[in-house]
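Chemist: Just passing along the structure, written as structure tokens.
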Amino acid sequence: MGAVLAVSVAPARPQDAAEEATATRGEVLQQDLESRAIRIPVSPPTRSETTVAGDEAALATPPAVRRGDPAEIVRRGADWRAVRDTLSETAVADNIRAQQGAAPAEITADRGRFEPPPAPPGLRSAAEQLRAALPAPEIARVEAPLLIPAGLREEFNIYGMQNIYTAVSAIDQNAYVSISGTCNRVIGGDPNIVEARRRLAEGPPQLPGLRAEYHISRNDFGTDLSFSKFGCGYVVTIECSAPSRDPRCASDDYIIGLADSMVLVNAERAEQNP
Amino acid sequence: MMHYRILLLSGFAFLASACGRDFPDPSDDDVIVVEPGDGDAGAGPDDGDPVDDDGGAGGDDSGDGDFLTDENGAVFSYLPVGELLPDSGPGHMDQTVYRPNIAFPTEDPAFLNSQVYRYGGSQGSINGMNGGQCHATNFAYPWQDTFCESRSRSQIMCPDGGHEGVDIRPASCIPETEQVHWAVAVEDGRIIAPSSSRYTVRLQTEDGTLYRYMHLKMDELAVGDGEFVEKGQRIGQISNDFFTSSGERVPTTYHLHFEMYQNYAPDDETDPIFDQVSPYMTLVNAYEKKLRGEE
């Protein structure tokens with residue numbers, strides 16, 4: 001956009017008629033907001049009832065105002081059988097490719113490129129070399145399938161907890177990627193949201209390699225890609241120093257490529273969990 | 001009182017970029033004014049402000065003893081979820097209290113309202129709210145929702161793209177009061193604040209929730225990367241740190257941008273989506289507990 005920012009010190013100006021008119025409009029709006037606001041009685045008849053400010057009649061008989069529908073956390077584990085099956089199927093496919101003379105399924109996401117090469121479909125365990133470079137105590141804490149994008153391996157920090165983890169890696173000095181995952185899920189709450197989320201779950205695009213449905217959001221500093229796999233939810237985030245100019249944040253290709261290059265760090269859990 | 005004026009030329013709004021929205025370009029000589037000390041922007045009772053001063057952080061809503069008040073005696077009130085300012089977006093109706101037992105994310109009283117479409121915001125004139133960010137009503141109740149407020153960004157639950165969290169003003173306007181206001185951990189959890197992130201601090205909890213705090217004074221955080229923290233522990237000072245989408249450092253209004261990620265599924269059979277949800281009613285619930293001394 002080429003914005004030019006200048007900062008100056010200016011004296012206060014006398015208001016002209018137009019400014020007074022707009023100021024009045026703002027005041028009227030503010031008064032309207034205040035008149036419609038909800039106040040909470042110190043001793044409400046029930047915790048779900050409140051009173052509309054300014055409505056004196058309501059003080060005697062507070063109308064029931066909906067104030068929050070509780071959601072519920074469902075504690076869940078991953079579908080480890082699906083993890084094992086996916087690992088096995090990928091290994092078989094890689095063997096077939098090798099017998100046909102194809103190069104081994106090496107997944108990379110070159111730092112200098114904005115579109116990492118598409119990974120061969122499937123899911124693979126992280127190589128021993130990668131595992132050795134990651135913090136073992138952090139990995140040991142995590143009970144969810146611990147996925148990280150390949151190709152950014154040597155600089156990953158992992159923040160492990162039993163039911164959630166985040167892995168973070170600086171791509172370079174202008175961008176970093178993180179992935180968080182959990183198998184716990186939240187259900188319930190506002191019935192309108194339940195319905196809206198059902199509609200959202202109908203037919204989202206799919207990561208071709210990982211075969212997982214995904215959604216992309218953009219924010220002030222980068223891009224999120226959320227996907228679901230093995231019954232768990234993951235969100236990949238890229239933060240960029242210049243989100244609108246850096247193609248890693250400005251376009252979808254890079255984050256889709258990263259999300260599609262996931263490797264499994266804690267494959268031993270697949271054997272431990274029947 | 002010093003009167004600052006920030007001028008943005010070439011038709012792009014300073015705060016718009018700071019808050020992530022590409023607004024329609026009104027003109028090539030568009031001038032956006034952000035004046036912390038404009039003539040009508042005082043927060044005190046004797047500032048001559050025609051807009052009422054009660055209900056603010058130090059307000060005295062007389063005859064309101066039946067309603068919850070904050071520590072300054074101001075009666076807390078809020079607008080229903082999803083009711084945004086006129087012409088600031090469709091909003092998002094979500095009554096869900098996702099986390100019923102969190103602490104409120106600021107230590108002091110706080111005010112949820114728009115940073116873009118109110119006084120001091122680049123689009124305040126849309127609603128006749130011309131003036132500086134320290135305008136008294138910015139630091140007064142009622143709260144107003146800003147989830148899905150119109151921005152150029154896209155969030156899954158926002159029909160036309162929009163703000164993926166809520167904005168929380170601190171108890172006082174820092175450019176005027178020079179007070180320090182702390183953001184705190186809403187739950188026990190673990191801090192994610194790698195040096196490679198210059199924008200945000202995240203808090204992840206054992207239950208599987210992620211929170212994102214933004215516009216803290218990033219070079220003076222009270223927590224370390226990877227640290228396990230307790231509910232209520234100080235994380236950082238609410239500030240105005242930000243960068244434009246082109247990467248230049250630029251101050252935004254003083255506020256805390258707060259996001260909540262949940263791995264939400266409509267039912268136990270459908271695949272979840274781990275993304276931002278509206279924290280508004282969760283924060284109303286948390287604030288009520290704070291005012292009741294139940295945190």
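Residues in the structure tokens are numbered from 1 in each chain, the chains being A, B, ... in the order shown, and ligands are numbered from 1 in the order shown.
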May I have the residues within 9 Å of Arg212 in chain B as a CSV table (one decimal) with N, CA, C and O atoms, in the first residue's frame, using only C-alpha atoms and disregarding those fewer than 4 positions away in the same chain?
Modeler:
chain,number,residue,atom,x,y,z
B,165,GLY,N,-10.1,-12.3,17.8
B,165,GLY,CA,-10.1,-12.2,19.3
B,165,GLY,C,-10.9,-11.1,19.8
B,165,GLY,O,-11.8,-10.6,19.1
B,200,THR,N,3.6,-12.1,20.0
B,200,THR,CA,2.6,-12.7,20.9
B,200,THR,C,3.3,-13.6,22.0
B,200,THR,O,4.4,-14.1,21.8
B,201,VAL,N,2.5,-13.7,23.0
B,201,VAL,CA,2.9,-14.7,24.1
B,201,VAL,C,1.7,-15.7,24.1
B,201,VAL,O,0.5,-15.3,24.1
B,202,ARG,N,2.0,-17.0,24.1
B,202,ARG,CA,0.9,-17.9,24.2
B,202,ARG,C,1.0,-18.7,25.6
B,202,ARG,O,2.0,-18.8,26.2
B,203,LEU,N,-0.2,-19.1,26.0
B,203,LEU,CA,-0.3,-19.9,27.2
B,203,LEU,C,-1.0,-21.2,26.9
B,203,LEU,O,-2.2,-21.1,26.3
B,204,GLN,N,-0.4,-22.3,27.1
B,204,GLN,CA,-1.1,-23.6,26.8
B,204,GLN,C,-1.4,-24.3,28.1
B,204,GLN,O,-0.6,-24.3,29.0
B,257,HIS,N,-4.8,-7.6,23.2
B,257,HIS,CA,-5.6,-8.4,22.2
B,257,HIS,C,-5.5,-9.9,22.8
B,257,HIS,O,-4.4,-10.4,23.0
B,258,PHE,N,-6.7,-10.5,22.9
B,258,PHE,CA,-6.7,-11.8,23.6
B,258,PHE,C,-7.5,-12.8,22.8
B,258,PHE,O,-8.6,-12.5,22.3
B,259,GLU,N,-6.9,-13.9,22.5
B,259,GLU,CA,-7.5,-15.0,21.7
B,259,GLU,C,-7.5,-16.3,22.5
B,259,GLU,O,-6.7,-16.5,23.4
B,260,MET,N,-8.5,-17.1,22.2
B,260,MET,CA,-8.7,-18.4,22.8
B,260,MET,C,-8.8,-19.4,21.8
B,260,MET,O,-9.7,-19.3,20.9
B,261,TYR,N,-8.0,-20.4,21.8
B,261,TYR,CA,-8.1,-21.6,20.8
B,261,TYR,C,-8.7,-22.8,21.6
B,261,TYR,O,-8.2,-23.1,22.7
Chemist: Within range 52-294 of chain B, find each residue whose DSSP state, derived from the backbone, is strand (DSSP E), and express the selection as a ChimeraX atom specification.
Modeler: /B:77-78,96-97,111-112,166-169,182-184,189-192,200-204,210-214,228-229,234-237,256-264,273-277
Chemist: When DSSP works through the backbone of this structure, what residues of range 93-256 of chain B end up as helix (DSSP H, G or I), shown as an MDAnalysis selection string?
Modeler: chainID B and resid 124:127 136:139 174:177 218:220
Chemist: Keeping only N, CA and C atoms, write the selected residues as a short mmCIF file (atom, residue, chain, number, x, y, z; two decimals), in the first residue's frame.
Modeler:
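Result file is part29.cif:
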data_model
loop_
_atom_site.label_atom_id
_atom_site.label_comp_id
_atom_site.auth_asym_id
_atom_site.auth_seq_id
_atom_site.Cartn_x
_atom_site.Cartn_y
_atom_site.Cartn_z
N GLY B 124 -13.08 5.52 13.67
CA GLY B 124 -14.00 6.09 14.64
C GLY B 124 -14.97 7.08 14.04
N SER B 125 -14.55 7.75 12.99
CA SER B 125 -15.42 8.78 12.38
C SER B 125 -16.67 8.16 11.78
N ILE B 126 -16.61 6.88 11.45
CA ILE B 126 -17.80 6.22 10.90
C ILE B 126 -18.98 6.38 11.87
N ASN B 127 -18.67 6.34 13.14
CA ASN B 127 -19.71 6.44 14.16
C ASN B 127 -19.70 7.78 14.88
N ALA B 136 -12.88 9.40 27.52
CA ALA B 136 -13.39 8.79 28.76
C ALA B 136 -14.22 7.55 28.50
N THR B 137 -15.02 7.58 27.45
CA THR B 137 -15.92 6.44 27.25
C THR B 137 -15.19 5.20 26.76
N ASN B 138 -13.96 5.35 26.30
CA ASN B 138 -13.18 4.15 25.97
C ASN B 138 -12.80 3.38 27.22
N PHE B 139 -12.80 4.09 28.34
CA PHE B 139 -12.39 3.48 29.61
C PHE B 139 -13.57 3.43 30.57
N ILE B 174 -2.91 4.68 29.39
CA ILE B 174 -1.50 4.73 29.78
C ILE B 174 -0.76 5.98 29.30
N PRO B 175 -1.03 6.49 28.09
CA PRO B 175 -0.33 7.71 27.69
C PRO B 175 -0.59 8.89 28.62
N GLU B 176 -1.75 8.89 29.26
CA GLU B 176 -2.07 9.97 30.20
C GLU B 176 -1.64 9.67 31.61
N THR B 177 -1.90 8.45 32.04
CA THR B 177 -1.66 8.14 33.46
C THR B 177 -0.26 7.59 33.72
N MET B 218 6.95 -6.51 24.90
CA MET B 218 7.58 -7.80 24.64
C MET B 218 9.02 -7.89 25.17
N ASP B 219 9.69 -6.75 25.31
CA ASP B 219 11.07 -6.82 25.80
C ASP B 219 11.15 -6.76 27.32
N GLU B 220 10.01 -6.76 27.99
CA GLU B 220 10.02 -6.75 29.46
C GLU B 220 9.00 -7.73 30.01
#
Chemist: Find, counting only C-alpha atoms, the residue in A:Thr223, A:Thr86, A:Thr237, A:Thr182 that gets nearest to chain B.
Modeler: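 Nearest candidate to chain B out of A:Thr223, A:Thr86, A:Thr237, A:Thr182: A:Thr182.
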Chemist: Hey, which of A:Ala132, A:Leu207, A:Ile238, A:Ala201 ends up closest to Glu269 in chain B? Count only C-alpha atoms.
Modeler: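 Closest to Glu269 in chain B of all the choices is A:Ala201.
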